[in-house]
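Asker: Input file: my_file18.txt. Contents: compact mmCIF, C-alpha atoms.
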# COMPACT_ATOMS: atom_id res chain seq x y z
CA MET A 1 123.37 85.51 112.05
CA ASP A 2 125.51 87.62 109.78
CA VAL A 3 126.31 86.97 106.12
CA THR A 4 128.71 89.45 104.46
CA GLY A 5 131.06 89.79 101.51
CA THR A 6 130.49 89.49 97.80
CA GLY A 7 130.32 86.31 95.75
CA GLY A 8 130.29 82.95 97.45
CA SER A 9 131.69 84.20 100.77
CA PHE A 10 128.45 85.80 102.04
CA LEU A 11 126.21 82.78 101.90
CA ARG A 12 126.28 80.87 105.12
CA ASN A 13 124.45 77.60 105.87
CA ARG A 14 121.00 78.06 107.37
CA ARG A 15 117.54 76.62 107.13
CA PHE A 16 115.84 77.64 103.94
CA ASP A 17 112.29 78.72 102.44
CA SER A 18 109.19 80.08 100.29
CA TYR A 19 108.55 82.95 97.75
CA PHE A 20 106.79 86.01 95.61
CA ASN A 21 106.54 89.95 93.12
CA THR A 22 109.00 92.90 91.74
CA SER A 23 110.44 96.56 91.56
CA SER A 24 113.00 99.12 92.74
CA ASP A 25 113.85 102.80 93.12
CA SER A 26 114.89 105.01 90.22
CA SER A 27 114.54 108.33 92.09
CA ASN A 28 117.37 110.74 92.84
CA VAL A 29 118.58 108.78 95.80
CA LYS A 30 122.21 109.08 96.68
CA GLU A 31 124.45 106.03 96.97
CA PRO A 32 125.32 105.17 100.56
CA GLN A 33 128.80 105.69 101.87
CA ILE A 34 129.42 102.49 103.76
CA ILE A 35 131.14 102.62 107.12
CA THR A 36 132.37 99.23 108.30
CA VAL A 37 132.34 98.86 112.05
CA LYS A 38 133.80 95.67 113.48
CA LYS A 39 132.14 94.55 116.66
CA LYS A 40 132.27 90.97 117.80
CA GLU A 41 133.14 89.93 114.25
CA GLU A 42 129.99 91.64 112.87
CA VAL A 43 130.05 94.03 109.97
CA VAL A 44 127.53 96.80 110.43
CA PHE A 45 126.55 98.86 107.40
CA ARG A 46 125.57 102.43 108.23
CA PRO A 47 124.42 104.77 105.48
CA LYS A 48 125.41 108.35 106.22
CA ALA A 49 123.20 111.40 105.89
CA GLU A 50 120.58 111.54 103.15
CA LYS A 51 122.56 114.15 101.21
CA GLU A 52 125.33 111.64 100.62
CA TYR A 53 123.13 109.36 98.48
CA VAL A 54 123.75 109.88 94.79
CA ASP A 55 121.98 108.61 91.72
CA ASP A 56 124.51 106.24 90.26
CA GLU A 57 122.60 105.08 87.19
CA ASP A 58 125.74 105.76 85.16
CA ASP A 59 128.33 103.55 86.84
CA GLY A 60 130.35 103.00 83.69
CA TRP A 61 130.17 100.42 80.94
CA PHE A 62 132.16 97.77 82.83
CA CYS A 63 129.82 97.80 85.86
CA ALA A 64 126.84 97.72 83.51
CA LEU A 65 128.32 94.72 81.67
CA ILE A 66 128.94 92.81 84.91
CA SER A 67 125.39 93.59 86.00
CA CYS A 68 123.92 92.27 82.75
CA VAL A 69 125.98 89.08 83.02
CA ARG A 70 124.70 88.54 86.56
CA ILE A 71 121.06 89.10 85.58
CA VAL A 72 121.31 86.75 82.59
CA THR A 73 123.00 84.14 84.80
CA CYS A 74 120.21 84.51 87.35
CA PHE A 75 117.59 84.02 84.66
CA VAL A 76 119.25 80.91 83.24
CA THR A 77 119.80 79.47 86.72
CA MET A 78 116.19 80.06 87.67
CA MET A 79 114.91 78.43 84.49
CA ILE A 80 117.06 75.35 85.11
CA THR A 81 116.02 74.90 88.76
CA THR A 82 112.39 75.67 87.92
CA LEU A 83 112.33 73.01 85.20
CA ILE A 84 113.90 70.44 87.52
CA TRP A 85 111.43 71.09 90.34
CA ALA A 86 108.48 71.26 87.94
CA LEU A 87 109.23 67.68 86.93
CA ILE A 88 109.47 66.70 90.61
CA MET A 89 106.12 68.40 91.31
CA VAL A 90 104.39 66.50 88.51
CA LEU A 91 105.53 63.23 90.07
CA LEU A 92 104.19 64.39 93.44
CA VAL A 93 100.71 65.39 92.23
CA PRO A 94 98.97 62.82 94.51
CA TRP A 95 100.72 64.24 97.60
CA PRO A 96 99.78 67.94 98.05
CA TYR A 97 101.71 68.56 101.29
CA GLU A 98 104.86 67.04 99.84
CA ARG A 99 104.52 69.44 96.90
CA ILE A 100 104.40 72.36 99.34
CA ARG A 101 107.56 71.12 101.03
CA GLN A 102 109.34 70.63 97.71
CA GLY A 103 108.24 74.10 96.65
CA ASN A 104 110.00 75.44 99.72
CA VAL A 105 113.13 73.41 98.97
CA TYR A 106 113.08 74.85 95.45
CA GLY A 107 112.86 78.34 96.95
CA HIS A 108 115.76 77.70 99.32
CA VAL A 109 118.03 76.40 96.60
CA THR A 110 117.04 78.90 93.91
CA GLY A 111 116.84 81.97 96.14
CA ARG A 112 120.21 81.25 97.69
CA LEU A 113 121.84 80.65 94.30
CA LEU A 114 120.41 83.88 92.88
CA MET A 115 121.65 85.95 95.81
CA TRP A 116 125.09 84.35 95.47
CA ILE A 117 125.15 85.27 91.78
CA LEU A 118 124.12 88.88 92.48
CA GLY A 119 126.89 89.16 95.07
CA ASN A 120 125.35 91.67 97.48
CA PRO A 121 126.76 91.70 101.03
CA ILE A 122 123.95 90.52 103.31
CA LYS A 123 123.46 90.84 107.04
CA ILE A 124 120.72 88.70 108.64
CA GLU A 125 119.47 89.47 112.15
CA GLY A 126 116.89 87.94 114.46
CA THR A 127 117.10 84.40 113.09
CA GLU A 128 115.81 83.10 116.42
CA PHE A 129 112.36 84.29 115.23
CA SER A 130 112.62 82.69 111.79
CA ASN A 131 111.79 79.02 112.33
CA LYS A 132 108.33 78.95 113.86
CA ARG A 133 104.83 78.54 112.45
CA ALA A 134 103.66 82.07 111.75
CA ILE A 135 102.39 84.59 109.25
CA TYR A 136 105.58 86.14 107.89
CA ILE A 137 105.21 89.60 106.39
CA SER A 138 107.76 91.75 104.57
CA ASN A 139 108.07 95.18 102.99
CA HIS A 140 108.55 95.01 99.22
CA THR A 141 110.63 97.32 96.99
CA SER A 142 112.67 95.14 94.62
CA PRO A 143 112.87 91.81 92.72
CA ILE A 144 115.60 90.94 95.21
CA ASP A 145 112.96 90.77 97.96
CA ILE A 146 111.48 87.73 96.24
CA PHE A 147 114.83 85.94 96.09
CA LEU A 148 115.41 86.61 99.79
CA ILE A 149 111.93 85.46 100.80
CA MET A 150 112.29 82.30 98.71
CA TRP A 151 115.55 81.55 100.50
CA LEU A 152 114.77 82.54 104.07
CA THR A 153 111.19 81.55 104.95
CA PRO A 154 110.81 78.18 106.71
CA THR A 155 109.79 74.85 105.22
CA GLY A 156 106.03 74.41 105.27
CA THR A 157 105.26 77.96 104.12
CA VAL A 158 102.80 78.98 101.41
CA GLY A 159 102.57 82.32 99.67
CA ILE A 160 99.80 84.49 98.26
CA ALA A 161 100.09 86.12 94.83
CA LYS A 162 97.88 87.57 92.11
CA LYS A 163 96.17 84.99 89.90
CA GLU A 164 98.04 86.20 86.80
CA ILE A 165 101.24 84.61 88.10
CA ILE A 166 100.23 81.39 86.38
CA TRP A 167 101.19 82.98 83.04
CA TYR A 168 104.83 83.45 84.07
CA PRO A 169 106.74 80.82 82.03
CA LEU A 170 107.61 77.75 84.12
CA PHE A 171 107.71 79.72 87.37
CA GLY A 172 103.95 80.36 87.38
CA GLN A 173 103.13 76.74 86.72
CA LEU A 174 105.52 75.65 89.48
CA TYR A 175 103.85 78.13 91.84
CA VAL A 176 100.48 76.49 91.22
CA LEU A 177 101.90 72.96 91.53
CA ALA A 178 103.47 73.94 94.87
CA LYS A 179 99.97 74.68 96.24
CA HIS A 180 100.56 78.39 96.83
CA VAL A 181 97.50 80.64 96.90
CA ARG A 182 96.34 82.80 93.99
CA ILE A 183 93.80 85.59 94.40
CA ASP A 184 91.79 87.63 91.92
CA ARG A 185 92.40 91.25 92.85
CA SER A 186 89.70 92.42 90.43
CA ASN A 187 87.04 90.38 92.24
CA PRO A 188 86.92 91.17 95.99
CA THR A 189 84.33 88.47 96.70
CA ALA A 190 86.43 85.76 95.04
CA ALA A 191 89.58 87.08 96.73
CA ILE A 192 87.96 86.88 100.19
CA GLN A 193 86.81 83.33 99.49
CA SER A 194 90.32 82.34 98.36
CA MET A 195 91.75 83.78 101.57
CA LYS A 196 89.24 81.81 103.68
CA GLU A 197 90.12 78.58 101.89
CA ALA A 198 93.83 79.33 102.33
CA ALA A 199 93.34 79.94 106.07
CA GLN A 200 91.53 76.61 106.45
CA ALA A 201 94.32 74.77 104.60
CA ILE A 202 96.99 76.50 106.72
CA VAL A 203 95.30 75.42 109.96
CA LYS A 204 94.55 71.89 108.75
CA ASN A 205 98.08 71.20 107.49
CA ASN A 206 100.06 73.16 110.13
CA LEU A 207 101.52 75.54 107.57
CA SER A 208 102.98 79.05 107.70
CA LEU A 209 102.19 81.95 105.37
CA ILE A 210 104.32 84.63 103.70
CA ILE A 211 102.69 87.81 102.44
CA PHE A 212 103.65 91.35 101.35
CA PRO A 213 101.15 93.50 103.32
CA GLU A 214 101.63 96.54 101.05
CA GLY A 215 100.01 94.55 98.25
CA THR A 216 102.45 95.87 95.65
CA ARG A 217 106.04 97.07 95.26
CA SER A 218 107.09 100.48 96.46
CA LYS A 219 108.46 102.53 93.55
CA ASN A 220 110.85 104.62 95.64
CA GLY A 221 111.73 102.30 98.52
CA ARG A 222 109.45 104.07 101.00
CA LEU A 223 106.93 102.04 102.98
CA LEU A 224 103.40 102.03 101.55
CA PRO A 225 100.14 101.70 103.52
CA PHE A 226 99.30 98.11 104.53
CA LYS A 227 96.32 96.17 103.23
CA LYS A 228 94.23 94.36 105.84
CA GLY A 229 94.58 90.85 104.38
CA PHE A 230 97.36 89.72 106.72
CA VAL A 231 95.31 90.75 109.76
CA GLN A 232 92.27 88.87 108.47
CA MET A 233 94.43 85.79 107.94
CA ALA A 234 95.76 86.14 111.48
CA LEU A 235 92.21 86.29 112.86
CA GLN A 236 91.26 83.12 110.99
CA THR A 237 94.42 81.11 111.78
CA ARG A 238 95.45 82.63 115.14
CA LEU A 239 99.05 82.37 114.03
CA PRO A 240 101.54 84.95 115.35
CA ILE A 241 102.87 87.56 112.94
CA VAL A 242 106.63 87.76 112.32
CA PRO A 243 107.68 91.00 110.56
CA ILE A 244 110.68 90.78 108.22
CA VAL A 245 112.28 94.17 107.59
CA LEU A 246 114.29 94.45 104.35
CA THR A 247 116.58 97.44 103.84
CA GLY A 248 118.83 98.29 100.91
CA THR A 249 117.16 96.11 98.28
CA HIS A 250 115.59 99.11 96.52
CA ARG A 251 119.07 100.54 95.91
CA ALA A 252 120.53 97.21 94.87
CA TRP A 253 118.03 96.68 92.05
CA ARG A 254 115.87 99.62 91.11
CA LYS A 255 112.50 99.61 89.39
CA GLY A 256 112.78 99.60 85.61
CA SER A 257 116.54 99.07 85.72
CA LEU A 258 118.71 96.19 84.51
CA HIS A 259 121.58 97.40 86.65
CA VAL A 260 122.18 95.49 89.89
CA ARG A 261 124.55 97.21 92.31
CA PRO A 262 126.60 95.59 95.12
CA THR A 263 124.69 97.55 97.75
CA PRO A 264 124.68 96.01 101.26
CA ILE A 265 121.35 94.45 102.22
CA ASN A 266 119.95 93.93 105.70
CA VAL A 267 117.34 91.32 106.61
CA LYS A 268 115.91 91.62 110.11
CA TYR A 269 113.34 89.32 111.71
CA LEU A 270 111.44 91.08 114.49
CA PRO A 271 109.91 89.34 117.52
CA SER A 272 106.61 87.62 116.80
CA ILE A 273 103.35 89.42 117.53
CA SER A 274 100.72 87.30 119.28
CA THR A 275 97.24 87.41 117.72
CA ASN A 276 95.43 85.18 120.20
CA ASP A 277 93.38 88.00 121.69
CA TRP A 278 92.75 89.92 118.46
CA THR A 279 89.13 90.68 117.53
CA ALA A 280 87.49 91.55 114.22
CA ASP A 281 86.34 94.89 115.64
CA ASN A 282 89.89 96.27 115.71
CA ILE A 283 91.30 95.28 112.31
CA ASP A 284 92.25 98.86 111.46
CA ASP A 285 94.08 99.28 114.78
CA TYR A 286 96.10 96.08 114.30
CA THR A 287 97.01 97.07 110.75
CA LYS A 288 98.25 100.47 111.93
CA MET A 289 100.13 98.94 114.87
CA VAL A 290 102.13 96.59 112.61
CA HIS A 291 102.73 99.38 110.08
CA ASP A 292 104.08 101.58 112.89
CA ILE A 293 106.51 98.79 113.86
CA TYR A 294 107.93 98.89 110.34
CA VAL A 295 108.17 102.68 110.38
CA LYS A 296 110.15 102.44 113.62
CA ASN A 297 112.60 99.87 112.22
CA LEU A 298 113.21 101.29 108.72
CA PRO A 299 115.92 103.88 107.93
CA GLU A 300 114.80 107.42 107.22
CA LEU A 301 115.00 107.02 103.44
CA GLN A 302 112.53 104.12 103.57
CA LYS A 303 110.04 105.61 106.01
CA PRO A 304 106.79 106.84 104.43
CA LEU A 305 106.54 110.55 103.70
CA LEU A 306 104.19 112.35 106.09
How does this structure look as structure tokens?
Answerer:
Amino acid sequence: MDVTGTGGSFLRNRRFDSYFNTSSDSSNVKEPQIITVKKKEEVVFRPKAEKEYVDDEDDGWFCALISCVRIVTCFVTMMITTLIWALIMVLLVPWPYERIRQGNVYGHVTGRLLMWILGNPIKIEGTEFSNKRAIYISNHTSPIDIFLIMWLTPTGTVGIAKKEIIWYPLFGQLYVLAKHVRIDRSNPTAAIQSMKEAAQAIVKNNLSLIIFPEGTRSKNGRLLPFKKGFVQMALQTRLPIVPIVLTGTHRAWRKGSLHVRPTPINVKYLPSISTNDWTADNIDDYTKMVHDIYVKNLPELQKPLL
């Protein structure tokens, strides 16, 4: 599936889904020169050599103004949709699974609207792997990652976030009402217990899971080491793992910046990884194996430094 073009033209109908975090790159990274190659009506974005990327923090006052308008519009839109779905969630308090489903619908609608407002050209690949029960994982470099994950993960998916998310106005309360999982990073024992309870709920209710295995946002767009939580969840649920590789988001919205650029973004679902024969003795090996898959599929500027 391929979605390209700015504004309303890039968003194409598809099944929607879930959510999560934030950041982006402010390093001296040079802006990509985009080469458009038409092949079977696909637009392929190919960044040229690393030396051609430039730090374009100063794009002129007009671009900065448009960026601010887009960010403010995103914020207002998100507050409106969050308030609407919060009211729906309150009415659905007696029905936990229905709240999860409505949380996903909220993510589909809100994430898609926010990406339309931002106007980045988007290419989506591997959608044949995107609609199954699984543990979905994604690299994380930008606030835009959250919008994409909200939009593109399937219905019946729950997320895992730090417990402090409840203090985010409206959004945090909606997150809790939607039955997503919160963990206390400062208390490993409590965090492990929360993960066990989440795994039991996922199995019992036939749910999927979305998680950022790095555990935090990359500051420069390069892949960070993976935490072991997603492997432990796979061992407890026996769900396959579906990697989602995001490229370009760290240039579109950089950490500490209020300037969103119309940088092309690529979302690629990779084939699912079976976990049926995984054992607890090899957690480190499985973590490294999945990390290596990301390294193989990321562009040079997003690979970890050796």
Asker: Considering all atoms listed in the file, return as a PyMOL selection string whatever protein or nucleic-acid residues lie within 10 Å of Ile144 of chain A, sequence-local ones (same chain, fewer than 4 positions apart) excluded.
Answerer: chain A and resi 21-24+111+114-115+118+140+148-150+246+248-250+252-254+260+265
Asker: Now that the selection is made, can you save its residues with C-alpha atoms as an mmCIF file, keeping the file's coordinate frame?
Answerer:
data_model
loop_
_atom_site.group_PDB
_atom_site.id
_atom_site.type_symbol
_atom_site.label_atom_id
_atom_site.label_comp_id
_atom_site.auth_asym_id
_atom_site.auth_seq_id
_atom_site.Cartn_x
_atom_site.Cartn_y
_atom_site.Cartn_z
ATOM 1 C CA ASN A 21 106.540 89.950 93.120
ATOM 2 C CA THR A 22 109.000 92.900 91.740
ATOM 3 C CA SER A 23 110.440 96.560 91.560
ATOM 4 C CA SER A 24 113.000 99.120 92.740
ATOM 5 C CA GLY A 111 116.840 81.970 96.140
ATOM 6 C CA LEU A 114 120.410 83.880 92.880
ATOM 7 C CA MET A 115 121.650 85.950 95.810
ATOM 8 C CA LEU A 118 124.120 88.880 92.480
ATOM 9 C CA HIS A 140 108.550 95.010 99.220
ATOM 10 C CA LEU A 148 115.410 86.610 99.790
ATOM 11 C CA ILE A 149 111.930 85.460 100.800
ATOM 12 C CA MET A 150 112.290 82.300 98.710
ATOM 13 C CA LEU A 246 114.290 94.450 104.350
ATOM 14 C CA GLY A 248 118.830 98.290 100.910
ATOM 15 C CA THR A 249 117.160 96.110 98.280
ATOM 16 C CA HIS A 250 115.590 99.110 96.520
ATOM 17 C CA ALA A 252 120.530 97.210 94.870
ATOM 18 C CA TRP A 253 118.030 96.680 92.050
ATOM 19 C CA ARG A 254 115.870 99.620 91.110
ATOM 20 C CA VAL A 260 122.180 95.490 89.890
ATOM 21 C CA ILE A 265 121.350 94.450 102.220
#
Asker: Taking all atoms listed in the file into account, name the residue in A:Glu300, A:Asn120, A:Thr77, A:Gly107 that is nearest to Arg261 of chain A.
Answerer: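 For Arg261 of chain A, the nearest of the given residues is A:Asn120.
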Asker: Of the residues A:Leu224, A:Met289, A:Cys68, A:Val158, which is the one nearest to Ile211 of chain A, using only C-alpha atoms?
Answerer: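 When distances to Ile211 of chain A are compared using only C-alpha atoms, the smallest one comes from A:Val158.
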Asker: Nearest to Ala64 of chain A among A:Ile124, A:Leu258, A:Ile202, A:Leu305, with distances taken over all atoms listed in the file: which residue is it?
Answerer: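 Of the candidates, the smallest distance to Ala64 of chain A is held by A:Leu258.
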Asker: What is the atom CA of Ile117 of chain A to atom CA of Thr141 of chain A distance in Å?
Answerer: 19.6 Å
Asker: Which distance in Å separates atom CA of Pro94 of chain A and atom CA of Arg182 of chain A, to one decimal?
Answerer: 20.2 Å
Asker: Using only C-alpha atoms, which protein or nucleic acid residues come within 7 Å of Ser138 of chain A? Drop anything in the same chain fewer than 4 positions from it, and give the result as a ChimeraX atom specification.
Answerer: /A:211-213,243-245
Asker: Would you kindly return, as a PDB file with C-alpha atoms, in the frame of the given file, each protein, DNA or RNA residue with an atom no farther than 12 Å from any atom of segment 196-198 of chain A, considering only C-alpha atoms and excluding same-chain residues fewer than 2 positions away?
Answerer:
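The resulting file, selection.pdb, is shown below:
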ATOM      1  CA  THR A 157     105.260  77.960 104.120  1.00  0.00           C
ATOM      2  CA  VAL A 158     102.800  78.980 101.410  1.00  0.00           C
ATOM      3  CA  GLY A 159     102.570  82.320  99.670  1.00  0.00           C
ATOM      4  CA  ILE A 160      99.800  84.490  98.260  1.00  0.00           C
ATOM      5  CA  ALA A 161     100.090  86.120  94.830  1.00  0.00           C
ATOM      6  CA  LYS A 179      99.970  74.680  96.240  1.00  0.00           C
ATOM      7  CA  HIS A 180     100.560  78.390  96.830  1.00  0.00           C
ATOM      8  CA  VAL A 181      97.500  80.640  96.900  1.00  0.00           C
ATOM      9  CA  ARG A 182      96.340  82.800  93.990  1.00  0.00           C
ATOM     10  CA  ILE A 183      93.800  85.590  94.400  1.00  0.00           C
ATOM     11  CA  THR A 189      84.330  88.470  96.700  1.00  0.00           C
ATOM     12  CA  ALA A 190      86.430  85.760  95.040  1.00  0.00           C
ATOM     13  CA  ALA A 191      89.580  87.080  96.730  1.00  0.00           C
ATOM     14  CA  ILE A 192      87.960  86.880 100.190  1.00  0.00           C
ATOM     15  CA  GLN A 193      86.810  83.330  99.490  1.00  0.00           C
ATOM     16  CA  SER A 194      90.320  82.340  98.360  1.00  0.00           C
ATOM     17  CA  GLN A 200      91.530  76.610 106.450  1.00  0.00           C
ATOM     18  CA  ALA A 201      94.320  74.770 104.600  1.00  0.00           C
ATOM     19  CA  ILE A 202      96.990  76.500 106.720  1.00  0.00           C
ATOM     20  CA  VAL A 203      95.300  75.420 109.960  1.00  0.00           C
ATOM     21  CA  LYS A 204      94.550  71.890 108.750  1.00  0.00           C
ATOM     22  CA  ASN A 205      98.080  71.200 107.490  1.00  0.00           C
ATOM     23  CA  ASN A 206     100.060  73.160 110.130  1.00  0.00           C
ATOM     24  CA  LEU A 207     101.520  75.540 107.570  1.00  0.00           C
ATOM     25  CA  SER A 208     102.980  79.050 107.700  1.00  0.00           C
ATOM     26  CA  LEU A 209     102.190  81.950 105.370  1.00  0.00           C
ATOM     27  CA  ILE A 210     104.320  84.630 103.700  1.00  0.00           C
ATOM     28  CA  GLY A 229      94.580  90.850 104.380  1.00  0.00           C
ATOM     29  CA  PHE A 230      97.360  89.720 106.720  1.00  0.00           C
ATOM     30  CA  GLN A 232      92.270  88.870 108.470  1.00  0.00           C
ATOM     31  CA  MET A 233      94.430  85.790 107.940  1.00  0.00           C
ATOM     32  CA  ALA A 234      95.760  86.140 111.480  1.00  0.00           C
ATOM     33  CA  LEU A 235      92.210  86.290 112.860  1.00  0.00           C
ATOM     34  CA  GLN A 236      91.260  83.120 110.990  1.00  0.00           C
ATOM     35  CA  THR A 237      94.420  81.110 111.780  1.00  0.00           C
TER      36      THR A 237
END
Asker: Dig up all the protein and nucleic acid residues within 6 Å of (107.2, 71.6, 105.1) in the file frame, using all atoms listed in the file, and format them as JSON, numbers by chain.
Answerer: {"A": [101, 155, 156]}
Asker: If you measure from atom CA of Asn187 of chain A to atom CA of Lys219 of chain A, what distance in Å do you get, rounded to one decimal?
Answerer: 24.7 Å
Asker: Return the single residue from A:Cys63, A:Leu301, A:Leu239, A:Met78 that is closest to Arg133 of chain A, with distances computed using only C-alpha atoms.
Answerer: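 Among A:Cys63, A:Leu301, A:Leu239, A:Met78, it is A:Leu239 that comes nearest to Arg133 of chain A.
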Asker: For each of A:Trp116, A:Ser142, A:Gly215, A:Phe226, take the minimum atom-to-atom distance to Thr73 of chain A, counting all atoms listed in the file, then give the residue where this is smallest.
Answerer: A:Trp116
Asker: I need the residue nearest Trp61 of chain A from this list: A:Leu223, A:His259, A:Arg112, A:Ile273. Use all atoms listed in the file for the distance.
Answerer: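 The closest residue to Trp61 of chain A is A:His259.
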